[in-house]
Amino acid sequence: MNVATVIGIFFGISILATATYFSTDNVRVFLNLPGVAIVLGGTLASTFICFPLKEVMRVSSTFLMALKREELPIGNYIDAIVSIAREASSKGKVHLEKSLPGIENEFLKHALQMLVDGYSADEIKEILDTRIEQTYEQEISSASIYRTMANLSPAYGIIGTLIGLIGMMQSMGSDISNIGPQMAVALTTTLYGILFANMLFLPIAIKVEKRIDERVLLMHVIRDGVLFIKDKTPAAIVLDKLRAYLPPRRWASIENKK
Amino acid sequence: MNVATVIGIFFGISILATATYFSTDNVRVFLNLPGVAIVLGGTLASTFICFPLKEVMRVSSTFLMALKREELPIGNYIDAIVSIAREASSKGKVHLEKSLPGIENEFLKHALQMLVDGYSADEIKEILDTRIEQTYEQEISSASIYRTMANLSPAYGIIGTLIGLIGMMQSMGSDISNIGPQMAVALTTTLYGILFANMLFLPIAIKVEKRIDERVLLMHVIRDGVLFIKDKTPAAIVLDKLRAYLPPRRWASIENKK
Amino acid sequence: MNVATVIGIFFGISILATATYFSTDNVRVFLNLPGVAIVLGGTLASTFICFPLKEVMRVSSTFLMALKREELPIGNYIDAIVSIAREASSKGKVHLEKSLPGIENEFLKHALQMLVDGYSADEIKEILDTRIEQTYEQEISSASIYRTMANLSPAYGIIGTLIGLIGMMQSMGSDISNIGPQMAVALTTTLYGILFANMLFLPIAIKVEKRIDERVLLMHVIRDGVLFIKDKTPAAIVLDKLRAYLPPRRWASIENKK
Amino acid sequence: MNVATVIGIFFGISILATATYFSTDNVRVFLNLPGVAIVLGGTLASTFICFPLKEVMRVSSTFLMALKREELPIGNYIDAIVSIAREASSKGKVHLEKSLPGIENEFLKHALQMLVDGYSADEIKEILDTRIEQTYEQEISSASIYRTMANLSPAYGIIGTLIGLIGMMQSMGSDISNIGPQMAVALTTTLYGILFANMLFLPIAIKVEKRIDERVLLMHVIRDGVLFIKDKTPAAIVLDKLRAYLPPRRWASIENKK
Amino acid sequence: MNVATVIGIFFGISILATATYFSTDNVRVFLNLPGVAIVLGGTLASTFICFPLKEVMRVSSTFLMALKREELPIGNYIDAIVSIAREASSKGKVHLEKSLPGIENEFLKHALQMLVDGYSADEIKEILDTRIEQTYEQEISSASIYRTMANLSPAYGIIGTLIGLIGMMQSMGSDISNIGPQMAVALTTTLYGILFANMLFLPIAIKVEKRIDERVLLMHVIRDGVLFIKDKTPAAIVLDKLRAYLPPRRWASIENKK
């Protein structure tokens, strides 16, 4: 689990908890379980109507994936591809075929398999491009579940508050002495709705989208690398071309393994 | 009818109904039929002004289509195209012509018909591309009806509340004892407007848009497949190329029929 | 005038009028002429600052155009182009020249005139593409007037309400007995602003934009058709290619005239 | 100065002034100079933080440019280019060089200069395309200052109101008799913020953006025209091609000078 | 540090401070440290959840970079490239190699290094294009941190106010004498949220984005320049082509050094 997220969640909760604690002498008013049910339940309900069941189920796995690691080791992949390029030119295709089972990344493996199978450069490019584009479309479509939840959550917060207010006002006479506590309870759902959206759904959506961008970038690096190997580009130039995908400050970590 | 939608609707309604039931001792205040008329009627009225009659009429059919199935069986279509490719290379065009009447999908049939009729690859590509693009434009234009309704619904909710508030305030004197119940009634339309938008119109809009994306993806698969058959690409490579449109976790379902 | 719009306007007004009538015993509070002046006047004033005089003047004509007809008869144009293609191949250019004065559509006439004048296919394509693109830009720019008005109208509604509220509060003492009626009047402008935006400006904007999409689609059909005639494409293939611009359910109306 | 803008500003101010005058017996409450300072000052301050000094300084000049004229005389430029094309083919390059100093438009002059200097068509196209693209980027970036101000202005209006409300509430006891006037003053800044945004900043932003579109269109016409002259296209076809940039209703003004 | 930013910050703070000072007789109500903690702390917490730790850390450096200089001296770079082009054609590659260590800009150095190393024009273009595109993506992704903070800040402002209001209302009886001061404190967080967003985060986001546009423009100029040198384009034409990236009013500063 990456550090920034832990810091963020811990820091955010403790600040808001402290502020809440000092703002009232009766903290329990902030614990409105039916309000949580309206906001989270309503948001989930609408999400289930929007998206197919399988995709909503996959949401928790994309979430955990998003938390896991800080950055994809694109530099390592560049190293790996450059050394494959070097070996391919010196030891030939047969050696490449033997090393295939040891490759973990499914996309790189598929690309190298096509290389070994003698597909033309155009065919390899076409198939990998389709895969990259479709991967992007499918992942972004999953990530949009969090964006949708970030939009729905404040709406259900307001819905909860309106339900509370209408109930309160309907029974309100000229006596306004107990309006306060009832209104306090009604307002908690709006608080929940905005809080869930800005501390949970929106940050996760942004994080997942950034992960997708990185994965697609890695796929581009792999596609280009395999096409360079197909074209028998010298390993040094492969390194130069793939390195361009990374900012110069991350070049050092690649070069010292050259 | 797909499962997630049923769960979503049932779950959402029961949560909100329960919360509403416990928030007041007079549930009938939430049943404001004139309010429903303002929100739904106004939304429909504006929708009728925006869109041609035929398109609004077609809305209910796109809605039912959206509910029906979980996922288009793109894998099955890939299987079908691969086996057509195999037969076309072994048995020739005459066989292909005979199998045409058995094909259900209108788009695939049209594409194969052009193949049989001896259209050039460029002509087939041009016609299918125009059809795909136009289908996308027309369907998205239909789907935008739901987006429009999702925008209009909260606006009419506020309009209803304003009408109620203005009527109430106009007759209000210094006696504010019966403001409460009147305000409660006025606020229900805002509740309806936000609820319809977030539980009905927006989820349907998102669902219909995802269905359209899938249909267009299927059309791309069919177009590519038919062009591969035209080019006499070997069936194995057709499979490899079309499979790239699906995520790897769905490849297994295709391959075991190879 | 098309049916859906009439139904929409009539239905919307009657629902809101009925709801308004029953919400108060003094309907006249909803007729706030200075409020109408602020909302419509302010919206128009800002629109005049945004857009050149000629374009604002043309707005009413685009509005009437938008109301007139349900759908452009693209099918008829396809029929016409196919029969021109048939005649052009059998009777030659001279016949085409004679039939020119009978063609109503200015764009088709211009395109055919260039054909008769012996322009090259590239020149015809270049000129028609420029015209299509520029037509789209100019019409969308006109349509954006309605979008702008839909954004301005609620803002002026709030401006009117603020003017009313400020005036009321300034003279308010501890006596709050006549706050109600004054606030009612102040709120009517917000009601007007939201109502005009959602029942008038936004629907018209959407309608005009859809009309423009259709006109541009027709121009594409005409451009392609004339280029096919230039290339001496057989009439049957012209029909097949142009038909792809329409959804299959509208093909029947073309084919039975073949 | 163009007519629509004058009408718009005059019309808008007089409507709002009249409405304001009749809404209160003490108009001076609407003149809240510290409020104007907060809204305009805050908006300007944020704008100065966003944009480099030079660009903010240039804003007033783009503003005046936007007011000046109704429409760029693109028709006249087409006439001029067509007659240059005619002369270039009949009298040759030397004549063209002599007429250069008489050309006012800097972009046309530069383009013709390159023609005279014997640049290749590709070089002319490349240089003019870069200039058009960069001009568009730079002008749009300037115009975005007004968009930014239109977004900032209501925010500072609300900031001003909050400052007023907080000050008022802090000193408020159970005596609420003088809440009214203080709240009236606090609300004026919100009024200012929305008014400045919708009557000043947004209309200017839209107007400047439309001017830029026109200028870029003119640059496209000039680029195409000069490239046609380079290609020795006959003047009649140059006219036909450039005319396509204008709507047919403006063709008459060009043709009668042919 | 550039002048406009200093003016903006100083001007903005002094206007708001003055307005605040005169709006109340107890300025200390505006200093609500727990409120600042909620708004800034919450915004930071959510930002830490959204973005990887390294990127948030780099934010302060991009911020300082944004403040530093008014405009990138693109004109100087054009001068430098033109003189390199002149020397490269007269003195040859060997001279170019010697001058490499004196070049400060890393991107220009890398491009010239590839020129000296004898890379083909296509390879140079490919590598530089990848670097430009990736630089843009990475920088824009950093800049989006400020945009995200500008969106989060008002949300946490409202969250703070809701926490304050709920606490206040819960303990509120029929005695409303001390509502005022409590509400004043609660509202300060909304004020902070809007103020931080519009005076801090949004202006910085816009400024950083403009800096990125400039850097990418400079990279385009360098890429084109180096490719022109590779093509042995005469220095005068290199000047003409690169100058097109700047508005004519900035040409003078380049030409007089020619």
# chains A, B, ... in the order shown; residues from 1 in each chain; ligands from 1

$ closest_atom_pairs --of "chain C" --to "chain D" --cutoff "6 Å" --atoms "only C-alpha atoms" --output "CSV"
residue,atom,partner,partner_atom,distance
C:Gly42,CA,D:Gly12,CA,5.3
C:Ala45,CA,D:Gly8,CA,4.1
C:Ser46,CA,D:Met199,CA,5.4
C:Phe48,CA,D:Gly8,CA,4.8
C:Ile49,CA,D:Thr5,CA,4.3
C:Cys50,CA,D:Pro203,CA,4.4
C:Leu53,CA,D:Ala4,CA,4.9
C:Ile127,CA,D:Lys241,CA,5.5
C:Thr130,CA,D:Ala244,CA,5.9
C:Arg131,CA,D:Ala244,CA,4.9
C:Gln134,CA,D:Tyr245,CA,5.9
C:Ile159,CA,D:Leu191,CA,6.0
C:Gly164,CA,D:Ser23,CA,6.0
C:Ile166,CA,D:Ala184,CA,4.5
C:Gly167,CA,D:Thr24,CA,4.6
C:Met169,CA,D:Gly180,CA,4.4
C:Gln170,CA,D:Pro181,CA,4.1
C:Met172,CA,D:Gly180,CA,5.4
C:Gly173,CA,D:Ser177,CA,5.2
C:Ser174,CA,D:Ser177,CA,3.9

$ atom_distance --atom1 "atom CA of Val94 of chain D" --atom2 "atom CA of Tyr119 of chain D"
15.1 Å

$ atom_distance --atom1 "atom CA of Met219 of chain D" --atom2 "atom CA of Asp129 of chain D"
9.2 Å

$ select_by_dssp --residues "segment 1-248 of chain D" --states "helix (DSSP H, G or I)" --output "ChimeraX atom specification"
/D:3-23,27-30,33-50,53-68,74-91,93-102,106-116,121-170,179-230,235-243,248

$ atom_distance --atom1 "atom CA of Tyr77 of chain E" --atom2 "atom CA of His110 of chain D"
22.6 Å

$ residues_around --residues "segment 34-39 of chain C" --least-positions-apart "5" --cutoff "6 Å" --atoms "only C-alpha atoms" --output "NGL selection string"
:C and (156-157 or 189)

$ decode --residues "segment 38-160 of chain B" --atoms "C-alpha atoms" --output "PDB file, in the first residue's frame"
ATOM      1  CA  ILE B  38     -44.820  19.574 -12.401  1.00  0.00           C
ATOM      2  CA  VAL B  39     -41.499  17.707 -12.402  1.00  0.00           C
ATOM      3  CA  LEU B  40     -42.310  14.853 -14.805  1.00  0.00           C
ATOM      4  CA  GLY B  41     -44.710  16.932 -16.899  1.00  0.00           C
ATOM      5  CA  GLY B  42     -42.363  19.867 -17.225  1.00  0.00           C
ATOM      6  CA  THR B  43     -39.419  17.606 -18.029  1.00  0.00           C
ATOM      7  CA  LEU B  44     -41.432  15.798 -20.697  1.00  0.00           C
ATOM      8  CA  ALA B  45     -42.779  19.066 -22.110  1.00  0.00           C
ATOM      9  CA  SER B  46     -39.284  20.519 -22.565  1.00  0.00           C
ATOM     10  CA  THR B  47     -38.117  17.196 -24.016  1.00  0.00           C
ATOM     11  CA  PHE B  48     -40.910  17.298 -26.589  1.00  0.00           C
ATOM     12  CA  ILE B  49     -39.856  20.804 -27.585  1.00  0.00           C
ATOM     13  CA  CYS B  50     -36.213  19.692 -27.961  1.00  0.00           C
ATOM     14  CA  PHE B  51     -36.583  16.461 -29.898  1.00  0.00           C
ATOM     15  CA  PRO B  52     -38.691  15.273 -32.861  1.00  0.00           C
ATOM     16  CA  LEU B  53     -41.730  13.210 -31.903  1.00  0.00           C
ATOM     17  CA  LYS B  54     -40.413   9.984 -33.476  1.00  0.00           C
ATOM     18  CA  GLU B  55     -37.245  10.085 -31.461  1.00  0.00           C
ATOM     19  CA  VAL B  56     -39.013  10.628 -28.127  1.00  0.00           C
ATOM     20  CA  MET B  57     -41.305   7.725 -29.002  1.00  0.00           C
ATOM     21  CA  ARG B  58     -38.277   5.509 -29.702  1.00  0.00           C
ATOM     22  CA  VAL B  59     -36.931   6.333 -26.235  1.00  0.00           C
ATOM     23  CA  SER B  60     -38.930   3.637 -24.491  1.00  0.00           C
ATOM     24  CA  SER B  61     -37.630   1.003 -26.909  1.00  0.00           C
ATOM     25  CA  THR B  62     -33.996   2.041 -26.367  1.00  0.00           C
ATOM     26  CA  PHE B  63     -34.756   1.910 -22.662  1.00  0.00           C
ATOM     27  CA  LEU B  64     -36.038  -1.665 -22.814  1.00  0.00           C
ATOM     28  CA  MET B  65     -33.101  -2.639 -25.050  1.00  0.00           C
ATOM     29  CA  ALA B  66     -30.771  -1.214 -22.404  1.00  0.00           C
ATOM     30  CA  LEU B  67     -32.335  -3.341 -19.675  1.00  0.00           C
ATOM     31  CA  LYS B  68     -32.423  -6.613 -21.568  1.00  0.00           C
ATOM     32  CA  ARG B  69     -29.004  -8.121 -21.595  1.00  0.00           C
ATOM     33  CA  GLU B  70     -25.808  -7.939 -19.659  1.00  0.00           C
ATOM     34  CA  GLU B  71     -23.256  -8.003 -22.483  1.00  0.00           C
ATOM     35  CA  LEU B  72     -23.214  -8.425 -26.249  1.00  0.00           C
ATOM     36  CA  PRO B  73     -21.715 -11.863 -27.048  1.00  0.00           C
ATOM     37  CA  ILE B  74     -18.836 -10.381 -29.062  1.00  0.00           C
ATOM     38  CA  GLY B  75     -16.882 -13.602 -28.427  1.00  0.00           C
ATOM     39  CA  ASN B  76     -19.554 -15.623 -30.265  1.00  0.00           C
ATOM     40  CA  TYR B  77     -19.398 -13.255 -33.227  1.00  0.00           C
ATOM     41  CA  ILE B  78     -15.627 -13.650 -33.385  1.00  0.00           C
ATOM     42  CA  ASP B  79     -16.107 -17.424 -33.392  1.00  0.00           C
ATOM     43  CA  ALA B  80     -18.674 -17.126 -36.165  1.00  0.00           C
ATOM     44  CA  ILE B  81     -16.476 -14.874 -38.297  1.00  0.00           C
ATOM     45  CA  VAL B  82     -13.446 -17.128 -37.824  1.00  0.00           C
ATOM     46  CA  SER B  83     -15.430 -20.180 -38.952  1.00  0.00           C
ATOM     47  CA  ILE B  84     -16.806 -18.217 -41.940  1.00  0.00           C
ATOM     48  CA  ALA B  85     -13.203 -17.315 -42.788  1.00  0.00           C
ATOM     49  CA  ARG B  86     -12.210 -20.999 -42.619  1.00  0.00           C
ATOM     50  CA  GLU B  87     -15.096 -22.122 -44.792  1.00  0.00           C
ATOM     51  CA  ALA B  88     -14.635 -19.267 -47.257  1.00  0.00           C
ATOM     52  CA  SER B  89     -11.042 -20.320 -47.893  1.00  0.00           C
ATOM     53  CA  SER B  90     -11.841 -24.039 -48.156  1.00  0.00           C
ATOM     54  CA  LYS B  91     -15.267 -24.100 -49.806  1.00  0.00           C
ATOM     55  CA  GLY B  92     -15.323 -20.794 -51.696  1.00  0.00           C
ATOM     56  CA  LYS B  93     -17.780 -17.996 -52.245  1.00  0.00           C
ATOM     57  CA  VAL B  94     -20.703 -20.155 -53.399  1.00  0.00           C
ATOM     58  CA  HIS B  95     -20.890 -21.826 -50.014  1.00  0.00           C
ATOM     59  CA  LEU B  96     -20.796 -18.403 -48.325  1.00  0.00           C
ATOM     60  CA  GLU B  97     -23.768 -17.261 -50.395  1.00  0.00           C
ATOM     61  CA  LYS B  98     -25.807 -20.255 -49.276  1.00  0.00           C
ATOM     62  CA  SER B  99     -25.170 -19.610 -45.594  1.00  0.00           C
ATOM     63  CA  LEU B 100     -26.230 -15.949 -45.824  1.00  0.00           C
ATOM     64  CA  PRO B 101     -29.960 -16.384 -45.049  1.00  0.00           C
ATOM     65  CA  GLY B 102     -29.075 -18.103 -41.766  1.00  0.00           C
ATOM     66  CA  ILE B 103     -27.258 -15.035 -40.396  1.00  0.00           C
ATOM     67  CA  GLU B 104     -29.327 -13.010 -37.973  1.00  0.00           C
ATOM     68  CA  ASN B 105     -27.237  -9.882 -37.451  1.00  0.00           C
ATOM     69  CA  GLU B 106     -28.297  -7.414 -40.166  1.00  0.00           C
ATOM     70  CA  PHE B 107     -24.914  -5.669 -40.265  1.00  0.00           C
ATOM     71  CA  LEU B 108     -22.890  -8.876 -40.694  1.00  0.00           C
ATOM     72  CA  LYS B 109     -25.354 -10.065 -43.365  1.00  0.00           C
ATOM     73  CA  HIS B 110     -25.033  -6.808 -45.312  1.00  0.00           C
ATOM     74  CA  ALA B 111     -21.234  -6.980 -45.108  1.00  0.00           C
ATOM     75  CA  LEU B 112     -21.116 -10.615 -46.303  1.00  0.00           C
ATOM     76  CA  GLN B 113     -23.654  -9.867 -49.054  1.00  0.00           C
ATOM     77  CA  MET B 114     -21.290  -7.205 -50.420  1.00  0.00           C
ATOM     78  CA  LEU B 115     -18.459  -9.760 -50.225  1.00  0.00           C
ATOM     79  CA  VAL B 116     -20.526 -12.232 -52.262  1.00  0.00           C
ATOM     80  CA  ASP B 117     -21.533  -9.502 -54.726  1.00  0.00           C
ATOM     81  CA  GLY B 118     -17.880  -8.893 -55.463  1.00  0.00           C
ATOM     82  CA  TYR B 119     -17.524  -5.360 -54.080  1.00  0.00           C
ATOM     83  CA  SER B 120     -13.914  -4.227 -53.743  1.00  0.00           C
ATOM     84  CA  ALA B 121     -12.323  -4.098 -50.283  1.00  0.00           C
ATOM     85  CA  ASP B 122     -12.272  -0.283 -50.477  1.00  0.00           C
ATOM     86  CA  GLU B 123     -15.965  -0.103 -51.291  1.00  0.00           C
ATOM     87  CA  ILE B 124     -16.880  -2.497 -48.477  1.00  0.00           C
ATOM     88  CA  LYS B 125     -14.736  -0.519 -46.012  1.00  0.00           C
ATOM     89  CA  GLU B 126     -16.204   2.800 -47.116  1.00  0.00           C
ATOM     90  CA  ILE B 127     -19.827   1.650 -46.859  1.00  0.00           C
ATOM     91  CA  LEU B 128     -19.354  -0.108 -43.500  1.00  0.00           C
ATOM     92  CA  ASP B 129     -17.431   2.848 -42.061  1.00  0.00           C
ATOM     93  CA  THR B 130     -20.216   5.229 -43.063  1.00  0.00           C
ATOM     94  CA  ARG B 131     -22.759   2.901 -41.481  1.00  0.00           C
ATOM     95  CA  ILE B 132     -20.788   2.582 -38.230  1.00  0.00           C
ATOM     96  CA  GLU B 133     -20.261   6.325 -37.946  1.00  0.00           C
ATOM     97  CA  GLN B 134     -23.890   7.147 -38.733  1.00  0.00           C
ATOM     98  CA  THR B 135     -25.200   4.461 -36.361  1.00  0.00           C
ATOM     99  CA  TYR B 136     -23.075   5.941 -33.604  1.00  0.00           C
ATOM    100  CA  GLU B 137     -24.271   9.487 -34.323  1.00  0.00           C
ATOM    101  CA  GLN B 138     -27.938   8.501 -34.428  1.00  0.00           C
ATOM    102  CA  GLU B 139     -27.865   6.340 -31.310  1.00  0.00           C
ATOM    103  CA  ILE B 140     -25.900   8.883 -29.277  1.00  0.00           C
ATOM    104  CA  SER B 141     -28.392  11.517 -30.350  1.00  0.00           C
ATOM    105  CA  SER B 142     -31.189   9.300 -28.974  1.00  0.00           C
ATOM    106  CA  ALA B 143     -29.277   8.660 -25.770  1.00  0.00           C
ATOM    107  CA  SER B 144     -28.834  12.397 -25.297  1.00  0.00           C
ATOM    108  CA  ILE B 145     -32.593  12.575 -24.654  1.00  0.00           C
ATOM    109  CA  TYR B 146     -31.982  10.940 -21.273  1.00  0.00           C
ATOM    110  CA  ARG B 147     -29.071  13.273 -20.523  1.00  0.00           C
ATOM    111  CA  THR B 148     -31.330  16.218 -21.343  1.00  0.00           C
ATOM    112  CA  MET B 149     -34.047  14.861 -19.056  1.00  0.00           C
ATOM    113  CA  ALA B 150     -31.491  14.384 -16.262  1.00  0.00           C
ATOM    114  CA  ASN B 151     -30.622  18.085 -16.609  1.00  0.00           C
ATOM    115  CA  LEU B 152     -34.216  19.286 -16.874  1.00  0.00           C
ATOM    116  CA  SER B 153     -35.622  17.282 -13.976  1.00  0.00           C
ATOM    117  CA  PRO B 154     -33.864  19.145 -11.101  1.00  0.00           C
ATOM    118  CA  ALA B 155     -34.654  22.460 -12.803  1.00  0.00           C
ATOM    119  CA  TYR B 156     -38.363  21.649 -12.798  1.00  0.00           C
ATOM    120  CA  GLY B 157     -38.000  20.481  -9.211  1.00  0.00           C
ATOM    121  CA  ILE B 158     -36.756  23.943  -8.267  1.00  0.00           C
ATOM    122  CA  ILE B 159     -39.475  25.556 -10.411  1.00  0.00           C
ATOM    123  CA  GLY B 160     -42.099  23.597  -8.482  1.00  0.00           C
TER     124      GLY B 160
END
